[in-house]
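Single-structure report; data block below.
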Amino acid sequence: MFEKLFDVFSRREPPPANTDIKPLTEEFRNRVLMLLRDTLQYGFRDFLGRLHQKAAYLYGKFGLSGTSAYSSPEDDLLNFFATCSDEHFLDLLELIFRSDLPGITWPDNSLIPGINEFFRIDDLPYHLTGYSMEEFESSFHGTPTTAIRIKEYPQIIRKDSEVVHRKAMEPALKLLNAAEFRHANDEFLKALEDHRKGDYRDCLTKCGSSFESVMKVLCGKNAVPYNEKDTASALLKALLRNGQLEQYWEQPLILIATLRNRLSSSHGAGAQPKVIPEHVATYAVNSTASAILLLCSEFG
């Protein structure tokens, strides 16, 4: 019941220093509830009751909305949705996707694109990621089989730049949501999390890992010979030899791996600690998203 309950937006995403963040609009809050109501229909009230139980444990309160006498958990939660801080509203959004949603299947959850559209309509600086899936060995009547389960649930992330996010980050996140890219998706989401936490050296490490994972998948899809232990440089050279991109693309694309090798936590710092500025890590995640899109467009 408490698995990842406390790993929510408000605990994971401290507000950036000296940055004015556009607040959630009343219209956005209303649209989210209307979408949930219209999607769940007759199961809406029951779902609110279950979500209230999770939120009560999360915040350690019987009554979420600040009143000791409320008519029902469902009404208390609806009032909390309308009056809580933006951070807590985004917490509840994440809890929705960690709950049983009657009649809705994952990973193609119809609520996710709707909520992202609401973010876009009101020009709000957030994006809701999809599910990250993984395969595992199972058994059906004694016969070994492979099944798929959820590895990571949808999370709210802040958008750094609207143009970069819409043209690179959002398409890359959507592309990586495919099952074949599940390892690359996990690595890239962790790179974004490291960036948000200010752990910029680890961010560079995971950007490089995600880039390598994508190239291995593309090599496999295009019957390009490679070895699992190949470096990013070897993988990139192999792809370029078997595609239409000119060889001069090697230099800008390999920079992602160079940043990891020179600056990340994948190698020892030696006598002098490596201090990575935020703008370098930001460049790395944006460049990784753009490079993934470019290679997948060419070889996908």
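Residues are named by chain letter and number: chains run A, B, ... in the order of the structure tokens, numbers start at 1 in each chain, and ligands are numbered from 1 in the order shown.
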
| field | Which of stretch 7-238 of chain A DSSP labels helix (DSSP H, G or I), written as a VMD selection string | value | chain A and resid 9 to 12 26 to 59 73 to 83 86 to 96 111 to 121 162 to 176 179 to 197 200 to 221 232 to 238

Would you write out, as CSV, a table of all residues in stretch 169-217 of chain A that have an atom no more than 9 Å from an atom of stretch 285-299 of chain A, listing for each the closest atom pair and the distance in Å to one decimal, considering only C-alpha atoms and ordering rows by chain and rising residue number?
residue,atom,partner,partner_atom,distance
A:Met169,CA,A:Ala289,CA,5.6
A:Glu170,CA,A:Ala289,CA,8.7
A:Pro171,CA,A:Leu293,CA,7.6
A:Ala172,CA,A:Ala289,CA,5.5
A:Leu173,CA,A:Ala289,CA,8.0
A:Leu175,CA,A:Leu293,CA,8.0
A:Leu176,CA,A:Ile292,CA,8.9
A:Phe188,CA,A:Val285,CA,8.1
A:Ala191,CA,A:Val285,CA,7.3
A:Leu192,CA,A:Val285,CA,7.2
A:His195,CA,A:Val285,CA,8.4
A:Cys203,CA,A:Val285,CA,7.9
A:Leu204,CA,A:Val285,CA,7.8
A:Cys207,CA,A:Thr288,CA,6.3
A:Gly208,CA,A:Thr288,CA,7.8
A:Ser210,CA,A:Thr288,CA,8.1
A:Phe211,CA,A:Thr288,CA,6.6
A:Val214,CA,A:Ile292,CA,7.0
A:Met215,CA,A:Leu295,CA,7.9

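Take atom CA of A:Ile156 and atom CA of A:Asp91: the distance between them is 8.4 Å.
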
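Using only C-alpha atoms, the shortest contact distance between A:Glu180 and any of A:Gly49, A:Pro252, A:Gly103, A:Gly300 is found at A:Gly300.
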
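When atom CA of A:Gly60 is paired with atom CA of A:Phe97, their separation reads 20.4 Å.
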
Mind checking which residues fall within 12 Å of A:Thr231, counting only C-alpha atoms, ignoring those fewer than 6 positions away in the same chain, and posting them as a CSV table (one decimal) with N, CA and C atoms, in the first residue's frame?
chain,number,residue,atom,x,y,z
A,208,GLY,N,24.4,9.6,-21.1
A,208,GLY,CA,25.3,8.8,-21.9
A,208,GLY,C,24.8,7.4,-22.0
A,209,SER,N,24.3,6.8,-20.9
A,209,SER,CA,23.8,5.5,-20.9
A,209,SER,C,22.6,5.3,-21.7
A,211,PHE,N,21.7,7.2,-24.3
A,211,PHE,CA,22.1,7.3,-25.7
A,211,PHE,C,22.7,6.0,-26.2
A,212,GLU,N,23.5,5.4,-25.4
A,212,GLU,CA,24.1,4.1,-25.8
A,212,GLU,C,23.0,3.0,-26.0
A,213,SER,N,22.0,3.0,-25.0
A,213,SER,CA,21.0,2.0,-25.1
A,213,SER,C,20.1,2.1,-26.3
A,215,MET,N,21.1,3.4,-29.2
A,215,MET,CA,21.9,3.0,-30.3
A,215,MET,C,22.0,1.5,-30.4
A,216,LYS,N,22.0,0.8,-29.3
A,216,LYS,CA,22.0,-0.7,-29.4
A,216,LYS,C,20.7,-1.2,-29.9
A,237,LYS,N,29.6,4.9,-34.9
A,237,LYS,CA,30.3,4.6,-36.2
A,237,LYS,C,29.6,3.5,-37.0
A,238,ALA,N,29.2,2.5,-36.3
A,238,ALA,CA,28.5,1.4,-36.9
A,238,ALA,C,27.2,1.8,-37.6
A,254,ILE,N,28.6,12.5,-30.8
A,254,ILE,CA,29.5,11.8,-29.8
A,254,ILE,C,29.8,12.7,-28.7
A,257,ALA,N,28.6,11.4,-25.3
A,257,ALA,CA,29.4,10.4,-24.6
A,257,ALA,C,30.7,11.1,-24.1
A,258,THR,N,31.2,12.1,-24.8
A,258,THR,CA,32.4,12.8,-24.3
A,258,THR,C,32.1,13.5,-23.0
A,260,ARG,N,30.0,12.6,-20.7
A,260,ARG,CA,30.0,11.6,-19.7
A,260,ARG,C,31.4,11.1,-19.3
A,261,ASN,N,32.3,10.9,-20.3
A,261,ASN,CA,33.6,10.5,-20.1
A,261,ASN,C,34.5,11.5,-19.3

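With distances taken over only C-alpha atoms, A:Asp123 is the one residue among A:Glu94, A:Asp7, A:Asp123, A:Asp75 lying closest to A:Lys22.
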
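Minimum atom-to-atom distances from A:Glu152, A:Glu137, A:Glu228, A:Glu27 to A:Phe118 were compared using only C-alpha atoms, and the lowest value belongs to A:Glu27.
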
| Nearest to A:Asp100, chosen from A:Ala56, A:Leu40, A:Leu128, A:Leu77, with only C-alpha atoms counted in the distances | A:Leu40

| task | Pick out the residues sitting within 12 Å of A:Phe119, and hand them over as a ChimeraX atom specification; count only C-alpha atoms, and ignore anything fewer than 2 positions along from it in its own chain. | result | /A:22-25,27-29,31-32,90,112-117,121-128,156-159,162,166

| query | Looking only at the backbone, which of the residues in stretch 42-211 of chain A does DSSP tag as strand (DSSP E), as an MDAnalysis selection string? | reply | chainID A and resid 126:128 132:140 143:152 156:158

| For the atom pair atom CA of A:Leu189 and atom CA of A:Val217, what is the interatomic distance in Å to one decimal place? | 17.5 Å

| field | Residue with smallest distance to A:Arg241 - pool A:Asn222, A:Phe181, A:Asp38, A:Ile96, counting only C-alpha atoms | value | A:Asn222

| message | With distances taken over only C-alpha atoms, which residue among A:Lys221, A:Phe80, A:Gly66, A:Ile104 lies nearest A:Gln41? | response | A:Ile104
